[in-house]
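K.L.:
Handing you a structure now.
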Amino acid sequence: MPGNGWQVMASFRRDESVTQQRLKPGTIKRIAGYARPYSRDLVLFLGLNALAALVVVANPLLLKSIIDRGILHHRQDLVIWLAAAVAGLALMDAVLGLAQRWYSARIGEGLIYDLRSEVFGHVQRQPVAFFMRAQTGSLVSRLNNDVIGAQRALTTTLSSVVSNVISLVLVLVTMMILSWQVTVIALLLLPVFILPAKWVGKRLSRISREQMVLDAEMSSLMTERFNVAGAMLAKLYGRPAEEEENFSGRAARVRDIGVVSAMYGRVFFTGLTLVASLATAMVYGVGGYLVVDGNFQLGTLVALATLLTRMYGPLTALSNVHVDVMTALVSFDRVFEVLDLKPLIRDREGARTLAEAREAGTAEPAGSNGDGAARRGAPAIRFEHVRFAYPSADEVSLASLESIARTDHAPGKEVLHDVDFTAEPGQLVALVGPSGAGKSTITHLVSRLYDVSDGAVRIGGADVRDLTLDSLRAEVGVVSQDAHLFHDTIRENMRYARPEATDEEILAALDAAQIGRLVAGMPEGLDTVVGDRGYRLSGGEKQRLAIARLLLKAPSVVVLDEATAHLDSESEAAVQEALRTALAGRTSLVIAHRLSTIREADQILVIEEGRVAERGRHEELLLEGGLYAELYRTQFSHQKDEEWATEPLGAE
């Protein structure tokens, strides 16, 4: 029975439709570029494979000599020496196996590291629109399955081809020298195995595809039910018996197809074993007849039978090698597909930091309002006749990363129309308006999560598109309505804003955000794990922690995207107190949710259908009796000023 029978089976179960895919021009050259750092190791690795192939042939020949020249001629000393040589070959084969595995792991894991690191870094640089479209599971698959599949091209597939070719040539040449008649008879049985194997292999590939789909569906169900939000929803609305029945149904389908796959695999392996056994029987039958007839020696027969078991594996594996090679190359191509997607939002050639722009005089000097951020320079925010349409799917994503086929190939509809305003250094500008009017879109343009379609957004006089993303985002701090926290400690979540921050600085920021006393009262203090997405904290605590993170970052521009929405009155009061510190001396753009915010704003922008419909201060806009007055009556008039704040949000 071939020693690599399971490897042969894996080759036949590959999807042959992959050979119909066309690789992009230059794919092989790019792969060579990734292999170049490991060229020395690859040469040694392939050399070890060649030596291992020589051992495959040398061992049967030594057995032949032991029988023909030693045992049959009663030469005990020769038998001992040759037996020792067999033992030496076995030891050499073991050492070669270890060395092969070491080089294979070194090359393979190194390549996986290189590809994963590059893909992860590239994906991190994609705009937020990319993540809104791409399915997370598909991205993870590229970093896992496809990267590992690409790695096989330089280890498993390449070494398999080299070792199988060398082994097959040496085995066939040796067998033909020993007895061409027996070799031809052995080869005649090969189609008896390969043709049924291909038939079984096609069904195995279909079953494997279905099995992967069912596994993915079951994993998706578990992921949705096991994260905090999904588990909470299931508790509140789900029906445990039906949930269990739903999961059991999917698990049963995985079980059933697993049984079918296992049986097809066993049929395949049994067929391979049966053909090898029949061939061995024929060799012993024909060869035994020839030995009895005196045409060749007994040792030759034993060597032929041994070589035969090492012929079918390489032959059958090589008969399907085009599928293995293309599968590995297609995996590389799928990784390159992600790497070739250029980030829509990226640094322009020659982009400068905001500090460099100020020194060069292209950014206006900032004002000063007394605190650290202001002394460092709180810049003005200027929207100059801004128009904006969300990018189309083709501009930001890949169809293969989206679970549902895309039909929206048309350019995005314009959502902002000639937006023009200025937030002076240190000012608080409030954005109000109906849901869907474009308020959040305006705030996204400040931190350059998107680029304008026309016009310009300037910070400190410099067009944000001319600034480096790192320097821009160092100056802009954002707190959103649903502040995200990583499943880590409070300390590490805070240090995400400033990795070099000391515990003293972290505690000072927590105190300023009105959450220091709460953290100090926790048994593990800064080492408290906040849980998945921060669900171990209340909504108000999460928001205050997000504000503390912003304070630790100490930006000169603050963007609040409904940061106080959906909080109870107690949490609202604490968060508002924290926001007074966060906004003091900083240029602020705030989507207003509370009357206390808009009442003390330096400027209120009323956004309607992507346009600035009205602008002014609270009292002025009320007197105009327009959209703001209507919004005030429907959304803000029921709020009592004294309940929410007694000081303006921008006060020291």
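To be explicit about the labels: the chains of the structure tokens are called A, B, and onward in the order shown, and within each one the residues are counted from 1, while ligands get numbers from 1 in the order they are shown.
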Leaving out range 439-446 of chain A and any residue of its chain fewer than 4 positions from it, which residues lie within 10 Å of it when counting only C-alpha atoms, given as a ChimeraX atom specification?
P.N.:
/A:128,381-383,386,388-390,415-416,419,430-435,450-452,456-459,464,472-473,476,478,480,557-562,589-592,605-612
K.L.:
If we count only C-alpha atoms, what is near range 135-142 of chain A at a cut-off of 10 Å, once residues fewer than 2 positions away on the same chain are taken out, given as a ChimeraX atom specification?
P.N.:
/A:115-116,119-120,123,130-133,144-149,216,219-220,331-332,334-338,400-404
K.L.:
Taking 2 positions as the minimum chain separation for residues in the same chain, which residues sit within 7 Å of range 271-283 of chain A when counting only C-alpha atoms? Answer as an NGL selection string.
P.N.:
:A and (1 or 182 or 186 or 189 or 193 or 267-269 or 285-287 or 305 or 309)
K.L.:
Please produce a file of those selected residues containing C-alpha atoms, as a PDB file, in the first residue's frame.
P.N.:
```pdb
ATOM      1  CA  MET A   1       0.000   0.000   0.000  1.00  0.00           C
ATOM      2  CA  VAL A 182       6.792  -7.159 -14.557  1.00  0.00           C
ATOM      3  CA  ALA A 186       2.168  -3.303 -13.037  1.00  0.00           C
ATOM      4  CA  LEU A 189      -3.288  -1.808 -13.677  1.00  0.00           C
ATOM      5  CA  PHE A 193      -7.298   2.883 -10.232  1.00  0.00           C
ATOM      6  CA  VAL A 267     -13.838   3.998  -0.825  1.00  0.00           C
ATOM      7  CA  PHE A 268     -11.028   5.960  -2.435  1.00  0.00           C
ATOM      8  CA  PHE A 269      -8.399   4.686  -0.026  1.00  0.00           C
ATOM      9  CA  GLY A 285       2.592 -14.495  -9.316  1.00  0.00           C
ATOM     10  CA  VAL A 286       4.425 -13.596 -12.507  1.00  0.00           C
ATOM     11  CA  GLY A 287       7.738 -12.940 -10.772  1.00  0.00           C
ATOM     12  CA  ALA A 305       7.375  -5.970  -5.024  1.00  0.00           C
ATOM     13  CA  THR A 309       4.324  -0.134  -3.464  1.00  0.00           C
TER      14      THR A 309
END
```
K.L.:
Going by DSSP on the backbone, which residues of range 421-642 of chain A come out as helix (DSSP H, G or I)? List them as a PyMOL selection string.
P.N.:
chain A and resi 439-446+464-466+469-475+490-495+503-512+516-520+525-527+532-534+539-553+569-583+595-599+618-624+627-636+641-642
K.L.:
Find the spatial neighbours of range 614-619 of chain A, counting only C-alpha atoms, within a cut-off of 7 Å - ignore same-chain residues fewer than 4 positions away - and output them as a VMD selection string.
P.N.:
chain A and resid 598 to 599 601 to 606 623
K.L.:
Find the spatial neighbours of range 499-515 of chain A, counting only C-alpha atoms, within a cut-off of 9 Å - ignore same-chain residues fewer than 2 positions away - and output them as a list in words.
P.N.:
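Residues near the query, excluding close chain neighbours: Arg491, Glu492, Met494, Arg495, Tyr496, Ala497, Arg517, Leu518, Val519, Ala520, Leu526, Glu541, Arg544, Leu545, Ala546, Ile547, Ala548, Arg549, Leu550, Leu551, Leu552, Ala574, Val575, Glu577, Ala578, Leu579, Thr581 and Ala582 of chain A.
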K.L.:
Can you pull out the residues contacting Leu154 in chain A? Cut-off 9 Å, using only C-alpha atoms, and skip same-chain residues under 6 positions away; I want them as number ranges by chain.
P.N.:
A: 31, 35, 42, 104, 107-108, 111, 328
K.L.:
Restricting the calculation to only C-alpha atoms, which member of A:Ile28, A:Leu537, A:Val321, A:Ala153 is positioned closest to Leu485 in chain A?
P.N.:
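Distance minimum relative to Leu485 in chain A lands on A:Leu537.
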